[in-house]
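K.L.:
See target_11.json below, with JSON, C-alpha atoms.
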```
[["chain", "number", "residue", "atom", "x", "y", "z"],
["O", 30, "MET", "CA", 27.24, -67.69, -35.00],
["O", 31, "SER", "CA", 24.04, -66.16, -36.29],
["O", 32, "GLU", "CA", 23.15, -63.72, -39.02],
["O", 33, "GLN", "CA", 21.70, -60.24, -38.62],
["O", 34, "ILE", "CA", 21.01, -57.54, -41.19],
["O", 35, "GLY", "CA", 23.48, -54.70, -40.77],
["O", 36, "ASP", "CA", 22.86, -50.99, -41.34],
["O", 37, "ASN", "CA", 24.16, -51.36, -44.88],
["O", 38, "GLY", "CA", 21.52, -53.96, -45.70],
["O", 39, "TRP", "CA", 24.01, -56.83, -45.92],
["O", 40, "TYR", "CA", 23.98, -59.85, -43.64],
["O", 41, "ASP", "CA", 26.73, -59.78, -41.05],
["O", 42, "ASP", "CA", 27.93, -62.82, -39.13],
["O", 43, "VAL", "CA", 27.77, -61.91, -35.48],
["O", 44, "LYS", "CA", 27.79, -63.93, -32.33],
["O", 45, "ILE", "CA", 24.97, -63.05, -29.97],
["O", 46, "ASP", "CA", 25.55, -64.11, -26.37],
["O", 47, "ARG", "CA", 22.22, -63.83, -24.65],
["O", 48, "LYS", "CA", 21.89, -63.97, -20.89],
["O", 49, "LYS", "CA", 19.92, -66.80, -19.34],
["O", 50, "VAL", "CA", 16.73, -66.24, -17.34],
["O", 51, "VAL", "CA", 15.22, -69.19, -15.48],
["O", 52, "LEU", "CA", 11.45, -69.04, -15.01],
["O", 53, "PHE", "CA", 10.40, -71.28, -12.10],
["O", 54, "PHE", "CA", 6.83, -72.52, -11.66],
["O", 55, "VAL", "CA", 6.17, -74.05, -8.21],
["O", 56, "ILE", "CA", 2.67, -75.54, -8.29],
["O", 57, "ASP", "CA", 0.48, -77.03, -5.55],
["O", 58, "THR", "CA", -0.99, -80.39, -6.62],
["O", 59, "SER", "CA", -2.56, -81.34, -3.27],
["O", 60, "GLY", "CA", -5.95, -83.03, -2.96],
["O", 61, "SER", "CA", -7.82, -79.74, -2.81],
["O", 62, "MET", "CA", -6.47, -78.90, -6.28],
["O", 63, "CYS", "CA", -8.29, -81.88, -7.81],
["O", 64, "GLY", "CA", -10.88, -81.20, -10.48],
["O", 65, "LYS", "CA", -11.50, -77.75, -11.88],
["O", 66, "LYS", "CA", -8.52, -76.05, -10.22],
["O", 67, "ILE", "CA", -5.78, -78.24, -11.68],
["O", 68, "GLU", "CA", -7.64, -78.43, -14.99],
["O", 69, "THR", "CA", -7.65, -74.64, -15.16],
["O", 70, "VAL", "CA", -3.96, -74.41, -14.24],
["O", 71, "ASN", "CA", -3.10, -76.85, -17.04],
["O", 72, "ASP", "CA", -5.29, -75.01, -19.52],
["O", 73, "ALA", "CA", -3.77, -71.65, -18.59],
["O", 74, "MET", "CA", -0.22, -72.99, -18.78],
["O", 75, "ARG", "CA", -0.80, -74.49, -22.22],
["O", 76, "GLY", "CA", -2.00, -71.06, -23.32],
["O", 77, "VAL", "CA", 0.80, -68.97, -21.81],
["O", 78, "ILE", "CA", 3.84, -71.06, -22.76],
["O", 79, "PRO", "CA", 3.68, -69.93, -26.43],
["O", 80, "GLU", "CA", 3.77, -66.33, -25.14],
["O", 81, "VAL", "CA", 6.89, -67.11, -23.10],
["O", 82, "LYS", "CA", 8.49, -68.65, -26.20],
["O", 83, "ARG", "CA", 7.67, -65.53, -28.22],
["O", 84, "ILE", "CA", 9.14, -63.22, -25.56],
["O", 85, "SER", "CA", 12.29, -65.33, -25.44],
["O", 86, "ASN", "CA", 12.69, -65.54, -29.23],
["O", 87, "ASP", "CA", 12.09, -61.81, -29.72],
["O", 88, "ASN", "CA", 14.60, -60.77, -27.05],
["O", 89, "VAL", "CA", 18.14, -60.06, -28.24],
["O", 90, "ASP", "CA", 19.51, -59.78, -24.68],
["O", 91, "ALA", "CA", 18.05, -62.78, -22.85],
["O", 92, "GLU", "CA", 16.88, -66.33, -23.40],
["O", 93, "ILE", "CA", 14.23, -67.85, -21.13],
["O", 94, "TYR", "CA", 14.55, -71.31, -19.60],
["O", 95, "ILE", "CA", 11.67, -73.02, -17.77],
["O", 96, "ALA", "CA", 11.74, -75.19, -14.63],
["O", 97, "VAL", "CA", 8.63, -76.76, -13.10],
["O", 98, "MET", "CA", 8.06, -78.25, -9.63],
["O", 99, "GLN", "CA", 4.86, -79.75, -8.24],
["O", 100, "PHE", "CA", 4.27, -80.38, -4.56],
["O", 101, "ASP", "CA", 1.72, -82.36, -2.56],
["O", 102, "ASN", "CA", 2.89, -84.93, 0.03],
["O", 103, "SER", "CA", 6.37, -84.14, -1.23],
["O", 104, "ALA", "CA", 7.90, -81.91, -3.88],
["O", 105, "VAL", "CA", 9.04, -83.24, -7.26],
["O", 106, "TRP", "CA", 10.86, -81.50, -10.09],
["O", 107, "ILE", "CA", 9.02, -82.13, -13.36],
["O", 108, "THR", "CA", 12.01, -80.76, -15.26],
["O", 109, "SER", "CA", 15.31, -82.41, -14.33],
["O", 110, "GLU", "CA", 17.00, -79.17, -15.40],
["O", 111, "PRO", "CA", 15.74, -75.88, -16.85],
["O", 112, "GLN", "CA", 14.67, -76.28, -20.47],
["O", 113, "LYS", "CA", 14.91, -73.65, -23.19],
["O", 114, "ALA", "CA", 11.49, -72.09, -23.62],
["O", 115, "ASP", "CA", 11.64, -72.78, -27.35],
["O", 116, "ASP", "CA", 12.05, -76.51, -26.65],
["O", 117, "PHE", "CA", 9.56, -76.68, -23.78],
["O", 118, "ASP", "CA", 6.12, -78.27, -24.05],
["O", 119, "TRP", "CA", 3.73, -78.21, -21.12],
["O", 120, "SER", "CA", 2.85, -81.63, -19.66],
["O", 121, "ASP", "CA", -0.40, -81.60, -17.73],
["O", 122, "LEU", "CA", -0.07, -81.99, -13.96],
["O", 123, "SER", "CA", -2.38, -84.19, -11.89],
["O", 124, "ALA", "CA", -3.46, -83.40, -8.34],
["O", 125, "ARG", "CA", -2.98, -86.16, -5.75],
["O", 126, "VAL", "CA", -6.22, -87.26, -4.10],
["O", 127, "TYR", "CA", -5.80, -86.86, -0.32],
["O", 128, "GLY", "CA", -2.39, -85.30, -0.98],
["O", 129, "GLY", "CA", -1.04, -82.78, 1.50],
["O", 130, "THR", "CA", 0.45, -79.33, 0.89],
["O", 131, "ASN", "CA", 4.13, -79.83, 1.70],
["O", 132, "LEU", "CA", 5.36, -76.32, 1.05],
["O", 133, "ILE", "CA", 8.32, -77.00, 3.34],
["O", 134, "ASP", "CA", 9.69, -79.70, 1.04],
["O", 135, "ALA", "CA", 9.05, -77.45, -1.96],
["O", 136, "CYS", "CA", 11.17, -74.72, -0.37],
["O", 137, "TYR", "CA", 13.93, -77.17, 0.55],
["O", 138, "LYS", "CA", 14.14, -78.44, -3.02],
["O", 139, "LEU", "CA", 13.99, -74.94, -4.47],
["O", 140, "GLU", "CA", 16.83, -73.92, -2.15],
["O", 141, "GLU", "CA", 18.91, -76.88, -3.36],
["O", 142, "LYS", "CA", 18.54, -75.88, -6.99],
["O", 143, "LEU", "CA", 19.18, -72.16, -6.36],
["O", 144, "SER", "CA", 22.30, -72.71, -4.27],
["O", 145, "LYS", "CA", 25.52, -72.02, -6.14],
["O", 146, "SER", "CA", 27.34, -74.49, -3.86],
["O", 147, "ASN", "CA", 25.21, -77.43, -5.02],
["O", 148, "LYS", "CA", 26.97, -79.10, -7.94],
["O", 149, "ASN", "CA", 23.59, -80.46, -9.11],
["O", 150, "GLY", "CA", 21.89, -77.08, -8.78],
["O", 151, "PHE", "CA", 20.27, -75.18, -11.60],
["O", 152, "MET", "CA", 22.36, -72.06, -10.97],
["O", 153, "VAL", "CA", 25.74, -73.59, -10.13],
["O", 154, "ASN", "CA", 27.53, -72.05, -13.13],
["O", 155, "ALA", "CA", 25.42, -68.90, -13.22],
["O", 156, "SER", "CA", 27.03, -65.49, -12.83],
["O", 157, "ALA", "CA", 25.90, -61.90, -13.12],
["O", 158, "SER", "CA", 27.62, -61.67, -16.48],
["O", 159, "SER", "CA", 25.77, -64.65, -17.96],
["O", 160, "THR", "CA", 22.47, -64.78, -16.07],
["O", 161, "TYR", "CA", 19.69, -62.45, -15.08],
["O", 162, "ALA", "CA", 17.90, -62.98, -11.79],
["O", 163, "PRO", "CA", 15.40, -65.86, -11.91],
["O", 164, "ILE", "CA", 11.63, -65.50, -11.87],
["O", 165, "ILE", "CA", 9.67, -67.62, -9.38],
["O", 166, "ILE", "CA", 5.89, -68.05, -9.56],
["O", 167, "LEU", "CA", 4.25, -70.01, -6.73],
["O", 168, "MET", "CA", 0.65, -71.27, -6.97],
["O", 169, "SER", "CA", -1.27, -72.73, -4.02],
["O", 170, "ASP", "CA", -4.84, -73.09, -2.81],
["O", 171, "GLY", "CA", -4.63, -74.17, 0.82],
["O", 172, "TYR", "CA", -2.92, -74.60, 4.14],
["O", 173, "PRO", "CA", 0.71, -75.76, 4.35],
["O", 174, "ASN", "CA", 1.10, -79.01, 6.30],
["O", 175, "GLY", "CA", 0.76, -78.30, 10.03],
["O", 176, "TYR", "CA", -0.57, -74.76, 9.57],
["O", 177, "PRO", "CA", -1.46, -72.74, 11.67],
["O", 178, "ASN", "CA", -0.03, -74.45, 14.77],
["O", 179, "ASP", "CA", 3.21, -75.41, 13.04],
["O", 180, "LYS", "CA", 4.89, -72.52, 11.29],
["O", 181, "SER", "CA", 8.04, -74.43, 10.33],
["O", 182, "TYR", "CA", 7.60, -73.10, 6.81],
["O", 183, "GLU", "CA", 8.80, -69.71, 8.10],
["O", 184, "HIS", "CA", 12.17, -71.14, 9.14],
["O", 185, "VAL", "CA", 12.60, -72.88, 5.79],
["O", 186, "ILE", "CA", 11.71, -69.74, 3.84],
["O", 187, "ASP", "CA", 14.09, -67.75, 6.08],
["O", 188, "ASP", "CA", 16.87, -70.12, 5.01],
["O", 189, "LEU", "CA", 15.76, -69.78, 1.39],
["O", 190, "LYS", "CA", 15.97, -66.01, 1.69],
["O", 191, "LYS", "CA", 19.67, -66.32, 2.52],
["O", 192, "ILE", "CA", 20.34, -67.74, -0.96],
["O", 193, "GLY", "CA", 21.61, -65.01, -3.26],
["O", 194, "TRP", "CA", 19.61, -66.05, -6.31],
["O", 195, "PHE", "CA", 16.39, -66.20, -4.29],
["O", 196, "LYS", "CA", 17.00, -62.75, -2.83],
["O", 197, "ALA", "CA", 17.58, -61.36, -6.31],
["O", 198, "ALA", "CA", 14.67, -63.23, -7.91],
["O", 199, "MET", "CA", 11.42, -61.69, -9.06],
["O", 200, "LYS", "CA", 8.77, -63.47, -7.01],
["O", 201, "ALA", "CA", 4.98, -63.65, -7.27],
["O", 202, "ALA", "CA", 2.34, -65.98, -5.87],
["O", 203, "ILE", "CA", -1.16, -66.91, -6.97],
["O", 204, "ALA", "CA", -3.68, -67.60, -4.20],
["O", 205, "ILE", "CA", -6.26, -70.00, -5.64],
["O", 206, "GLY", "CA", -9.67, -70.00, -3.96],
["O", 207, "ASP", "CA", -10.95, -68.90, -0.56],
["O", 208, "ASP", "CA", -8.72, -71.24, 1.48],
["O", 209, "ALA", "CA", -5.40, -70.05, 0.07],
["O", 210, "GLN", "CA", -3.22, -68.63, 2.84],
["O", 211, "LYS", "CA", -2.16, -65.23, 1.61],
["O", 212, "ASP", "CA", -0.01, -64.60, 4.68],
["O", 213, "VAL", "CA", 2.04, -67.71, 3.87],
["O", 214, "LEU", "CA", 2.35, -66.79, 0.20],
["O", 215, "SER", "CA", 3.38, -63.22, 1.03],
["O", 216, "TYR", "CA", 6.04, -64.57, 3.41],
["O", 217, "PHE", "CA", 7.46, -66.40, 0.40],
["O", 218, "THR", "CA", 7.31, -63.47, -2.04],
["O", 219, "GLY", "CA", 8.23, -60.79, 0.48],
["O", 220, "SER", "CA", 5.10, -58.68, 0.19],
["O", 221, "MET", "CA", 1.32, -58.95, 0.07],
["O", 222, "GLU", "CA", 1.41, -56.82, -3.09],
["O", 223, "THR", "CA", 2.85, -59.75, -5.04],
["O", 224, "VAL", "CA", 0.10, -62.18, -4.02],
["O", 225, "LEU", "CA", -2.68, -62.23, -6.62],
["O", 226, "GLU", "CA", -6.01, -63.86, -5.86],
["O", 227, "ALA", "CA", -8.17, -66.04, -8.10],
["O", 228, "HIS", "CA", -11.56, -67.23, -6.88],
["O", 229, "ASN", "CA", -12.91, -68.69, -10.11],
["O", 230, "PRO", "CA", -11.51, -70.35, -13.25],
["O", 231, "GLU", "CA", -11.61, -67.27, -15.47],
["O", 232, "ALA", "CA", -9.74, -65.21, -12.87],
["O", 233, "LEU", "CA", -7.12, -67.94, -12.51],
["O", 234, "ARG", "CA", -6.50, -68.07, -16.26],
["O", 235, "SER", "CA", -6.23, -64.30, -16.32],
["O", 236, "VAL", "CA", -3.81, -64.03, -13.41],
["O", 237, "ILE", "CA", -1.52, -66.82, -14.68],
["O", 238, "GLN", "CA", -1.39, -65.09, -18.07],
["O", 239, "PHE", "CA", -0.73, -61.67, -16.58],
["O", 240, "VAL", "CA", 1.90, -62.56, -14.00],
["O", 241, "THR", "CA", 3.81, -64.88, -16.35],
["O", 242, "VAL", "CA", 3.92, -62.50, -19.31],
["O", 243, "THR", "CA", 4.59, -59.40, -17.20],
["O", 244, "SER", "CA", 7.36, -60.97, -15.12],
["O", 245, "THR", "CA", 9.14, -62.41, -18.16],
["O", 246, "GLN", "CA", 8.94, -59.09, -20.01],
["O", 247, "ILE", "CA", 10.48, -57.30, -17.04],
["O", 248, "GLY", "CA", 12.93, -60.09, -16.21],
["O", 249, "THR", "CA", 14.46, -60.17, -19.68],
["O", 250, "LYS", "CA", 15.22, -56.45, -19.83],
["O", 251, "SER", "CA", 18.86, -55.61, -20.42],
["O", 252, "SER", "CA", 19.01, -53.29, -17.41],
["O", 253, "ASP", "CA", 18.73, -54.60, -13.86],
["O", 254, "VAL", "CA", 16.91, -51.45, -12.79],
["O", 255, "SER", "CA", 14.30, -49.14, -14.23],
["O", 256, "LYS", "CA", 13.40, -45.51, -13.60],
["O", 257, "LYS", "CA", 10.25, -44.88, -11.60],
["O", 258, "HIS", "CA", 10.86, -41.15, -11.16],
["O", 259, "VAL", "CA", 13.78, -38.96, -12.20],
["O", 260, "ASP", "CA", 15.75, -39.56, -8.99],
["O", 261, "GLU", "CA", 14.31, -42.93, -7.91],
["O", 262, "VAL", "CA", 15.46, -46.32, -9.11],
["O", 263, "VAL", "CA", 13.48, -49.46, -8.34],
["O", 264, "SER", "CA", 14.36, -53.11, -8.80],
["O", 265, "LYS", "CA", 12.69, -55.44, -11.24],
["O", 266, "GLN", "CA", 10.63, -56.77, -8.33],
["O", 267, "GLY", "CA", 9.54, -53.22, -7.67],
["O", 268, "GLU", "CA", 8.60, -52.81, -11.32],
["O", 269, "LEU", "CA", 6.52, -55.98, -11.11],
["O", 270, "ILE", "CA", 4.70, -54.56, -8.08],
["O", 271, "GLU", "CA", 4.02, -51.34, -9.95],
["O", 272, "ASN", "CA", 2.59, -53.29, -12.88],
["O", 273, "ILE", "CA", 0.34, -55.28, -10.56],
["O", 274, "LYS", "CA", -0.90, -52.08, -8.93],
["O", 275, "ASN", "CA", -1.42, -50.07, -12.10],
["O", 276, "LYS", "CA", -2.17, -52.48, -14.92],
["O", 277, "TYR", "CA", -3.75, -55.62, -13.57],
["O", 278, "GLN", "CA", -7.49, -55.75, -13.18],
["O", 279, "PHE", "CA", -9.69, -58.81, -13.04],
["O", 280, "SER", "CA", -13.06, -59.78, -11.62],
["O", 281, "ASN", "CA", -13.65, -62.59, -9.16],
["O", 282, "ASP", "CA", -17.38, -62.05, -9.36],
["O", 283, "ALA", "CA", -19.36, -65.10, -10.45],
["O", 284, "ASP", "CA", -22.79, -64.98, -12.02],
["O", 285, "SER", "CA", -23.66, -68.54, -11.09],
["O", 286, "ASP", "CA", -22.51, -71.41, -8.91],
["O", 287, "GLN", "CA", -20.88, -73.13, -11.88],
["O", 288, "ASP", "CA", -18.37, -70.28, -12.10],
["O", 289, "LEU", "CA", -17.10, -70.97, -8.58],
["O", 290, "TRP", "CA", -14.58, -73.53, -7.47]]
```
As structure tokens, please, write out the structure in this file.

P.N.:
Amino acid sequence: MSEQIGDNGWYDDVKIDRKKVVLFFVIDTSGSMCGKKIETVNDAMRGVIPEVKRISNDNVDAEIYIAVMQFDNSAVWITSEPQKADDFDWSDLSARVYGGTNLIDACYKLEEKLSKSNKNGFMVNASASSTYAPIIILMSDGYPNGYPNDKSYEHVIDDLKKIGWFKAAMKAAIAIGDDAQKDVLSYFTGSMETVLEAHNPEALRSVIQFVTVTSTQIGTKSSDVSKKHVDEVVSKQGELIENIKNKYQFSNDADSDQDLW
């Protein structure tokens, strides 16, 4: 039970059942992320988590939970289960020197947690009446293991796309640096429009802030759809794409070498 001020000015005891929204961060910690890249990711995440907490606390319809995975030679869940945003504190990630970019394992482990048939999954008890579609933000700076000759990642992502919660999820990816494979990231998100580039630290901070705040604002709306035109309804993913097109601007221009990765 919680208290709210009623129209008559008195406090009324009302029970507020808020829907759950899981915000997934899937972050590349391979060797090429060592140094400035992973430092910037950590700095940006420390800055944006309070914004996520504010959005969650201010929302009467939905409560945000956070789940974090890192992947290099293998993928590891940093959070054993999604944590309430209000209780979540960011723990800095470390990149693995000489670590690979095992996106395949990351997709396998994401599929496990999104599957409703997995009793240890994050969404096993989730339903449309209690849960909004999850939000998945993938960050990577390089080539998946075996790329380009081995495109096994496509088969794994194809399997992931069969999972209902992944199909319904809002998805975005951040391509960090010149070597990030945008075609791979867009295969994951479903469109090149949801792959945002960052070629220097300031751009990376900006894009993490933008995509996290924007996706959580859209993802916690009470309606599953929004009006684009009078007779056209677009999904939340579509609304995210429209926001990226119309509202997001950043500069990857660097004035000196020290601004570059």

K.L.:
Name the closest residue to Ala227 in chain O among the candidates O:Ile247, O:Tyr127, O:Lys66, O:Ser159; distances are taken between atoms, counting all atoms listed in the file.

P.N.:
O:Lys66

K.L.:
Ranking O:Thr160, O:Tyr216, O:Arg75, O:Asp46 by minimum distance to His184 in chain O and counting only C-alpha atoms, which one comes first?

P.N.:
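Checking each of O:Thr160, O:Tyr216, O:Arg75, O:Asp46 against His184 in chain O, counting only C-alpha atoms, the winner is O:Tyr216.
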
K.L.:
Where does range 154-246 of chain O meet range 89-94 of chain O within 12 Å, residue by residue, with the nearest atom pair and distance in Å to one decimal for each, counting all atoms listed in the file, listed by chain and rising number, as CSV?

P.N.:
```
residue,atom,partner,partner_atom,distance
O:Ser158,CA,O:Ala91,CA,11.5
O:Ser159,CA,O:Ala91,CA,9.3
O:Thr160,CA,O:Ala91,CA,8.3
O:Tyr161,CA,O:Ala91,CA,7.9
O:Ala162,CA,O:Ala91,CA,11.1
O:Pro163,CA,O:Tyr94,CA,9.5
O:Ile164,CA,O:Ile93,CA,9.9
O:Ile165,CA,O:Tyr94,CA,11.9
O:Thr241,CA,O:Ile93,CA,11.8
O:Val242,CA,O:Ile93,CA,11.8
O:Ser244,CA,O:Ile93,CA,11.4
O:Thr245,CA,O:Ile93,CA,8.0
O:Gln246,CA,O:Ala91,CA,10.2
```

K.L.:
So which one's closest to Ile78 in chain O, O:Ala197, O:Ile56, O:Ile237, O:Val153? Using all atoms listed in the file, please.

P.N.:
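So, comparing all the options, the nearest one is O:Ile237.
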
K.L.:
List the spatial neighbours of Met168 in chain O as number ranges by chain - criterion: any atom at most 6 Å away, only C-alpha atoms, same-chain residues fewer than 5 positions off excluded.

P.N.:
O: 56-57, 202-203

K.L.:
Tell me which of O:Leu143, O:Gln112, O:Ala157, O:Asp207 sits closest to Phe195 in chain O, counting all atoms listed in the file.

P.N.:
O:Leu143

K.L.:
Please build the interface table for range 59-79 of chain O against range 120-124 of chain O with a cut-off of 9 Å, listing for each qualifying residue the nearest atom pair and the distance in Å to one decimal; count all atoms listed in the file, order rows by chain and increasing number, and write it as JSON lines.

P.N.:
```
{"residue": "O:Ser59", "atom": "CA", "partner": "O:Ala124", "partner_atom": "CA", "distance": 5.5}
{"residue": "O:Gly60", "atom": "CA", "partner": "O:Ala124", "partner_atom": "CA", "distance": 5.9}
{"residue": "O:Ser61", "atom": "CA", "partner": "O:Ala124", "partner_atom": "CA", "distance": 7.9}
{"residue": "O:Met62", "atom": "CA", "partner": "O:Ala124", "partner_atom": "CA", "distance": 5.8}
{"residue": "O:Cys63", "atom": "CA", "partner": "O:Ala124", "partner_atom": "CA", "distance": 5.1}
{"residue": "O:Gly64", "atom": "CA", "partner": "O:Ala124", "partner_atom": "CA", "distance": 8.0}
{"residue": "O:Ile67", "atom": "CA", "partner": "O:Ala124", "partner_atom": "CA", "distance": 6.6}
{"residue": "O:Glu68", "atom": "CA", "partner": "O:Asp121", "partner_atom": "CA", "distance": 8.4}
{"residue": "O:Val70", "atom": "CA", "partner": "O:Leu122", "partner_atom": "CA", "distance": 8.5}
{"residue": "O:Asn71", "atom": "CA", "partner": "O:Asp121", "partner_atom": "CA", "distance": 5.5}
{"residue": "O:Asp72", "atom": "CA", "partner": "O:Asp121", "partner_atom": "CA", "distance": 8.4}
{"residue": "O:Met74", "atom": "CA", "partner": "O:Asp121", "partner_atom": "CA", "distance": 8.7}
{"residue": "O:Arg75", "atom": "CA", "partner": "O:Ser120", "partner_atom": "CA", "distance": 8.4}
```

K.L.:
What is the distance, in Å and to one decimal place, between CA of Ile133 in chain O and CA of Ala209 in chain O?

P.N.:
15.7 Å

K.L.:
If I take CA of Gly129 in chain O and CA of Tyr176 in chain O, how far is one from the other in Å, to one decimal?

P.N.:
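Between CA of Gly129 in chain O and CA of Tyr176 in chain O the gap is 11.4 Å.
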
K.L.:
Just the number, please: distance in Å from CA of Glu268 in chain O to CA of His228 in chain O, one decimal.

P.N.:
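Pair CA of Glu268 in chain O / CA of His228 in chain O returns 25.2 Å.
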
K.L.:
In terms of the shortest atom-to-atom distance over only C-alpha atoms, which of O:Leu225, O:Ile205, O:Ala232, O:Val81 is closest to Asp170 in chain O?

P.N.:
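Closest residue, counting only C-alpha atoms: O:Ile205.
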
K.L.:
Is it possible to add N, CA and C atoms to range 201-217 of chain O and hand it back as a compact mmCIF listing (two decimals), in the coordinates of the input?

P.N.:
```txt
# COMPACT_ATOMS: atom_id res chain seq x y z
N ALA O 201 6.41 -63.92 -7.34
CA ALA O 201 4.98 -63.65 -7.27
C ALA O 201 4.28 -64.94 -6.87
N ALA O 202 3.11 -64.81 -6.28
CA ALA O 202 2.34 -65.98 -5.87
C ALA O 202 0.89 -65.80 -6.28
N ILE O 203 0.26 -66.92 -6.60
CA ILE O 203 -1.16 -66.91 -6.97
C ILE O 203 -1.93 -67.69 -5.91
N ALA O 204 -2.84 -67.00 -5.24
CA ALA O 204 -3.68 -67.60 -4.20
C ALA O 204 -4.97 -68.09 -4.85
N ILE O 205 -5.14 -69.40 -4.92
CA ILE O 205 -6.26 -70.00 -5.64
C ILE O 205 -7.38 -70.34 -4.66
N GLY O 206 -8.52 -69.67 -4.78
CA GLY O 206 -9.67 -70.00 -3.96
C GLY O 206 -9.66 -69.34 -2.59
N ASP O 207 -10.74 -69.56 -1.85
CA ASP O 207 -10.95 -68.90 -0.56
C ASP O 207 -10.03 -69.41 0.54
N ASP O 208 -9.53 -70.65 0.41
CA ASP O 208 -8.72 -71.24 1.48
C ASP O 208 -7.23 -70.97 1.34
N ALA O 209 -6.83 -70.34 0.26
CA ALA O 209 -5.40 -70.05 0.07
C ALA O 209 -4.92 -69.12 1.19
N GLN O 210 -3.76 -69.41 1.73
CA GLN O 210 -3.22 -68.63 2.84
C GLN O 210 -2.31 -67.52 2.32
N LYS O 211 -2.90 -66.35 2.18
CA LYS O 211 -2.16 -65.23 1.61
C LYS O 211 -0.99 -64.80 2.49
N ASP O 212 -1.12 -64.97 3.81
CA ASP O 212 -0.01 -64.60 4.68
C ASP O 212 1.20 -65.50 4.45
N VAL O 213 0.95 -66.78 4.16
CA VAL O 213 2.04 -67.71 3.87
C VAL O 213 2.68 -67.35 2.53
N LEU O 214 1.84 -67.11 1.53
CA LEU O 214 2.35 -66.79 0.20
C LEU O 214 3.14 -65.48 0.20
N SER O 215 2.66 -64.50 0.96
CA SER O 215 3.38 -63.22 1.03
C SER O 215 4.69 -63.36 1.79
N TYR O 216 4.77 -64.30 2.73
CA TYR O 216 6.04 -64.57 3.41
C TYR O 216 7.06 -65.09 2.42
N PHE O 217 6.59 -65.86 1.45
CA PHE O 217 7.46 -66.40 0.40
C PHE O 217 7.91 -65.30 -0.56
```
